[in-house]
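K.L.:
Structure below; questions to follow.
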Amino acid sequence: MDNGLDRMNRRFAAVLANVREVVQPALVKGAEEIAATQRQLAPEDTGALKDSITVTPPGQTTPAYSQPGGSRTAKDGEALVTAGNVAVRYPHLVEYGTSDAPAQPFFWPGFRLKRKRAQDRIKRAISKAVRTGWDAP
């Protein structure tokens, strides 16, 4: 016998499964757009700084010595954008400057320029996943 509670539980399970499936690509795409903007804003001497800007999808680990925060594993539902690696350990010095060199911000301005667009993409993906999951039998 199928009661209303069983049906509701199936719908909630379908919504949750759809959200997980649809949000990850939206997260990564938003992070890729942020990283692309940061690469455009980063000063280019050798190109190593631009090349060190990476996106880490959920379940993957950021490069060692990356900024901000160093090496860590992205949790489910997050994509990390970092600058720096073992060979490029100076992104924070470029971003904030030193006593000998002026600041050349690229990381946080790039993040702020594209954050809203990435958030909107994720919200649309969640809304679509909820509608699709809710319509499931």
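Chain labels follow the order of the structure tokens: the first chain is A, the next B, and so on; residue numbering restarts at 1 in every chain, and ligands are counted from 1 in their shown order.
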List the spatial neighbours of Ile34 (chain A) as a PyMOL selection string - criterion: any atom at most 7 Å away, only C-alpha atoms, same-chain residues fewer than 2 positions off excluded.

P.N.:
chain A and resi 30-32+36-38+110-111+114

K.L.:
Would you save the residues of that selection, restricted to all heavy atoms, as a tab-separated table (two decimals), in the first residue's frame?

P.N.:
chain	number	residue	atom	x	y	z
A	30	GLY	N	31.40	27.57	-12.74
A	30	GLY	CA	31.56	28.87	-12.10
A	30	GLY	C	32.99	29.10	-11.64
A	30	GLY	O	33.55	30.19	-11.82
A	31	ALA	N	33.59	28.07	-11.07
A	31	ALA	CA	34.99	28.19	-10.63
A	31	ALA	C	35.92	28.40	-11.81
A	31	ALA	O	36.87	29.18	-11.73
A	31	ALA	CB	35.38	26.94	-9.84
A	32	GLU	N	35.64	27.73	-12.92
A	32	GLU	CA	36.47	27.89	-14.13
A	32	GLU	C	36.37	29.33	-14.65
A	32	GLU	O	37.37	29.89	-15.10
A	32	GLU	CB	36.07	26.90	-15.22
A	32	GLU	CG	36.45	25.47	-14.94
A	32	GLU	CD	37.94	25.20	-15.02
A	32	GLU	OE1	38.72	26.08	-15.41
A	32	GLU	OE2	38.33	24.07	-14.68
A	36	ALA	N	39.46	31.88	-14.95
A	36	ALA	CA	39.80	32.51	-16.23
A	36	ALA	C	39.95	34.03	-16.06
A	36	ALA	O	40.87	34.63	-16.62
A	36	ALA	CB	38.74	32.20	-17.28
A	37	THR	N	39.07	34.63	-15.28
A	37	THR	CA	39.16	36.07	-15.03
A	37	THR	C	40.43	36.39	-14.24
A	37	THR	O	41.13	37.36	-14.53
A	37	THR	CB	37.91	36.56	-14.27
A	37	THR	OG1	36.77	36.27	-15.07
A	37	THR	CG2	37.98	38.05	-13.99
A	38	GLN	N	40.75	35.56	-13.26
A	38	GLN	CA	41.97	35.77	-12.48
A	38	GLN	C	43.21	35.65	-13.37
A	38	GLN	O	44.16	36.43	-13.22
A	38	GLN	CB	42.04	34.77	-11.33
A	38	GLN	CG	41.00	35.03	-10.26
A	38	GLN	CD	40.90	33.91	-9.25
A	38	GLN	OE1	41.18	32.75	-9.55
A	38	GLN	NE2	40.48	34.25	-8.05
A	110	GLY	N	39.35	39.17	-9.28
A	110	GLY	CA	38.76	38.21	-10.22
A	110	GLY	C	37.63	37.43	-9.57
A	110	GLY	O	36.60	37.17	-10.20
A	111	PHE	N	37.82	37.07	-8.30
A	111	PHE	CA	36.77	36.37	-7.56
A	111	PHE	C	35.53	37.25	-7.43
A	111	PHE	O	34.41	36.83	-7.70
A	111	PHE	CB	37.29	35.96	-6.18
A	111	PHE	CG	36.24	35.41	-5.27
A	111	PHE	CD1	35.74	34.12	-5.45
A	111	PHE	CD2	35.73	36.18	-4.24
A	111	PHE	CE1	34.76	33.62	-4.62
A	111	PHE	CE2	34.75	35.68	-3.40
A	111	PHE	CZ	34.26	34.39	-3.58
A	114	LYS	N	33.35	37.72	-10.68
A	114	LYS	CA	32.59	36.58	-11.22
A	114	LYS	C	31.76	35.83	-10.17
A	114	LYS	O	31.02	34.91	-10.53
A	114	LYS	CB	33.53	35.60	-11.91
A	114	LYS	CG	34.18	36.17	-13.14
A	114	LYS	CD	33.16	36.49	-14.21
A	114	LYS	CE	33.84	37.04	-15.45
A	114	LYS	NZ	32.92	37.20	-16.56

K.L.:
Which polymer residues have any atom within 10 Å of an atom of region 41-50 of chain A, counting only C-alpha atoms, with same-chain residues fewer than 4 positions away left out, as JSON, numbers by chain?

P.N.:
{"A": [35, 36, 37, 54, 83, 84, 85, 87, 88, 89, 90, 91, 94, 95, 104, 105, 106, 107, 109, 110]}

K.L.:
Near Thr56 (chain A), counting only C-alpha atoms, which residues have an atom at most 7 Å away, once you skip same-chain residues fewer than 4 positions from it, shown as a list in words?

P.N.:
Gln60, Thr61, Thr62, Ala74, Ala79, Leu80 and Val81 of chain A

K.L.:
Would you output that residue set with N, CA, C and O atoms, as a PDB file, in the first residue's frame?

P.N.:
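Result file part.pdb:
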ATOM      1  N   GLN A  60      38.865  16.249  -5.072  1.00  0.00           N
ATOM      2  CA  GLN A  60      40.259  16.361  -5.503  1.00  0.00           C
ATOM      3  C   GLN A  60      41.036  17.223  -4.500  1.00  0.00           C
ATOM      4  O   GLN A  60      40.457  17.930  -3.700  1.00  0.00           O
ATOM      5  N   THR A  61      42.356  17.195  -4.595  1.00  0.00           N
ATOM      6  CA  THR A  61      43.213  17.939  -3.668  1.00  0.00           C
ATOM      7  C   THR A  61      43.910  19.081  -4.402  1.00  0.00           C
ATOM      8  O   THR A  61      44.400  18.894  -5.520  1.00  0.00           O
ATOM      9  N   THR A  62      43.948  20.237  -3.755  1.00  0.00           N
ATOM     10  CA  THR A  62      44.614  21.397  -4.335  1.00  0.00           C
ATOM     11  C   THR A  62      46.128  21.182  -4.345  1.00  0.00           C
ATOM     12  O   THR A  62      46.647  20.380  -3.567  1.00  0.00           O
ATOM     13  N   ALA A  74      38.908  19.282  -1.636  1.00  0.00           N
ATOM     14  CA  ALA A  74      37.614  19.946  -1.808  1.00  0.00           C
ATOM     15  C   ALA A  74      36.512  19.007  -1.338  1.00  0.00           C
ATOM     16  O   ALA A  74      36.498  17.824  -1.702  1.00  0.00           O
ATOM     17  N   ALA A  79      33.959  23.727  -5.099  1.00  0.00           N
ATOM     18  CA  ALA A  79      35.053  23.726  -6.063  1.00  0.00           C
ATOM     19  C   ALA A  79      36.003  24.834  -5.621  1.00  0.00           C
ATOM     20  O   ALA A  79      35.560  25.939  -5.303  1.00  0.00           O
ATOM     21  N   LEU A  80      37.278  24.552  -5.573  1.00  0.00           N
ATOM     22  CA  LEU A  80      38.259  25.500  -5.057  1.00  0.00           C
ATOM     23  C   LEU A  80      39.088  26.101  -6.187  1.00  0.00           C
ATOM     24  O   LEU A  80      39.545  25.379  -7.070  1.00  0.00           O
ATOM     25  N   VAL A  81      39.282  27.408  -6.130  1.00  0.00           N
ATOM     26  CA  VAL A  81      40.159  28.099  -7.068  1.00  0.00           C
ATOM     27  C   VAL A  81      41.388  28.526  -6.267  1.00  0.00           C
ATOM     28  O   VAL A  81      41.255  29.187  -5.237  1.00  0.00           O
TER      29      VAL A  81
END

K.L.:
Please, which residues of region 6-94 of chain A, numbered as in this document, come out strand (DSSP E) from DSSP, as a PyMOL selection string?

P.N.:
chain A and resi 54-56+80-82

K.L.:
Can you tell me how far CA of Gly69 (chain A) sits from CA of Ala125 (chain A), in Å to one decimal?

P.N.:
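Distance between the two atoms: 28.0 Å.
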
K.L.:
Hey, can you check how far CA of Thr82 (chain A) sits from CA of Trp108 (chain A)?

P.N.:
10.7 Å

K.L.:
Pick out each residue of chain A that DSSP on the backbone tags as helix (DSSP H, G or I); I need them as a ChimeraX atom specification.

P.N.:
/A:4-41,48-52,91-96,107-134

K.L.:
Grab the residues selected above and save them as a CSV table (one decimal), in the first residue's frame with C-alpha atoms.

P.N.:
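Written file, out.csv:
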chain,number,residue,atom,x,y,z
A,4,GLY,CA,1.4,9.8,1.1
A,5,LEU,CA,4.4,9.7,3.3
A,6,ASP,CA,6.1,7.1,1.1
A,7,ARG,CA,5.5,9.1,-2.0
A,8,MET,CA,6.8,12.3,-0.3
A,9,ASN,CA,10.0,10.4,0.8
A,10,ARG,CA,10.6,9.2,-2.7
A,11,ARG,CA,10.2,12.7,-4.0
A,12,PHE,CA,12.6,14.1,-1.5
A,13,ALA,CA,15.1,11.4,-2.3
A,14,ALA,CA,14.8,12.2,-6.1
A,15,VAL,CA,15.3,15.9,-5.4
A,16,LEU,CA,18.4,15.3,-3.3
A,17,ALA,CA,19.8,13.0,-6.0
A,18,ASN,CA,19.1,15.5,-8.7
A,19,VAL,CA,20.7,18.4,-6.8
A,20,ARG,CA,23.9,16.5,-6.2
A,21,GLU,CA,24.1,15.5,-9.9
A,22,VAL,CA,23.3,18.9,-11.4
A,23,VAL,CA,25.1,21.2,-8.9
A,24,GLN,CA,28.6,19.8,-9.3
A,25,PRO,CA,29.0,20.8,-13.0
A,26,ALA,CA,27.6,24.3,-12.2
A,27,LEU,CA,30.1,24.6,-9.3
A,28,VAL,CA,33.0,23.7,-11.5
A,29,LYS,CA,31.9,25.9,-14.4
A,30,GLY,CA,31.6,28.9,-12.1
A,31,ALA,CA,35.0,28.2,-10.6
A,32,GLU,CA,36.5,27.9,-14.1
A,33,GLU,CA,35.0,31.3,-15.0
A,34,ILE,CA,36.5,32.8,-11.9
A,35,ALA,CA,39.9,31.3,-12.6
A,36,ALA,CA,39.8,32.5,-16.2
A,37,THR,CA,39.2,36.1,-15.0
A,38,GLN,CA,42.0,35.8,-12.5
A,39,ARG,CA,44.3,34.6,-15.2
A,40,GLN,CA,43.4,37.6,-17.3
A,41,LEU,CA,44.1,40.0,-14.4
A,48,ALA,CA,54.1,30.7,-14.3
A,49,LEU,CA,51.7,32.6,-12.1
A,50,LYS,CA,48.8,32.5,-14.6
A,51,ASP,CA,49.5,28.8,-15.2
A,52,SER,CA,49.4,28.1,-11.5
A,91,PRO,CA,51.0,34.6,-5.4
A,92,HIS,CA,50.3,36.3,-2.1
A,93,LEU,CA,53.3,38.5,-2.6
A,94,VAL,CA,52.0,39.6,-6.0
A,95,GLU,CA,48.5,40.1,-4.7
A,96,TYR,CA,49.4,42.1,-1.6
A,107,PHE,CA,43.0,36.9,-7.2
A,108,TRP,CA,40.4,38.6,-5.1
A,109,PRO,CA,39.3,41.1,-7.8
A,110,GLY,CA,38.8,38.2,-10.2
A,111,PHE,CA,36.8,36.4,-7.6
A,112,ARG,CA,34.6,39.4,-6.8
A,113,LEU,CA,34.0,40.1,-10.5
A,114,LYS,CA,32.6,36.6,-11.2
A,115,ARG,CA,31.2,35.5,-7.8
A,116,LYS,CA,27.6,36.7,-8.5
A,117,ARG,CA,27.5,35.0,-11.9
A,118,ALA,CA,28.7,31.7,-10.4
A,119,GLN,CA,26.2,31.9,-7.5
A,120,ASP,CA,23.3,32.6,-10.0
A,121,ARG,CA,24.4,29.6,-12.1
A,122,ILE,CA,24.4,27.4,-9.0
A,123,LYS,CA,21.0,28.7,-7.9
A,124,ARG,CA,19.5,28.0,-11.3
A,125,ALA,CA,20.9,24.5,-11.3
A,126,ILE,CA,19.4,23.8,-7.8
A,127,SER,CA,16.0,25.2,-8.8
A,128,LYS,CA,16.0,23.0,-11.9
A,129,ALA,CA,17.1,19.9,-10.0
A,130,VAL,CA,14.3,20.5,-7.4
A,131,ARG,CA,11.6,20.9,-10.1
A,132,THR,CA,12.8,17.9,-11.9
A,133,GLY,CA,13.1,15.7,-8.8
A,134,TRP,CA,9.8,16.9,-7.4

K.L.:
Could you tell me how far CA of Val55 (chain A) lies from CA of Gly77 (chain A), in Å and to one decimal?

P.N.:
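Computing it gives 13.6 Å between the two atoms.
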
K.L.:
In terms of the shortest atom-to-atom distance over only C-alpha atoms, which of A:Ser66, A:Asn3, A:Thr73, A:Thr98 is closest to Val86 (chain A)?

P.N.:
A:Ser66
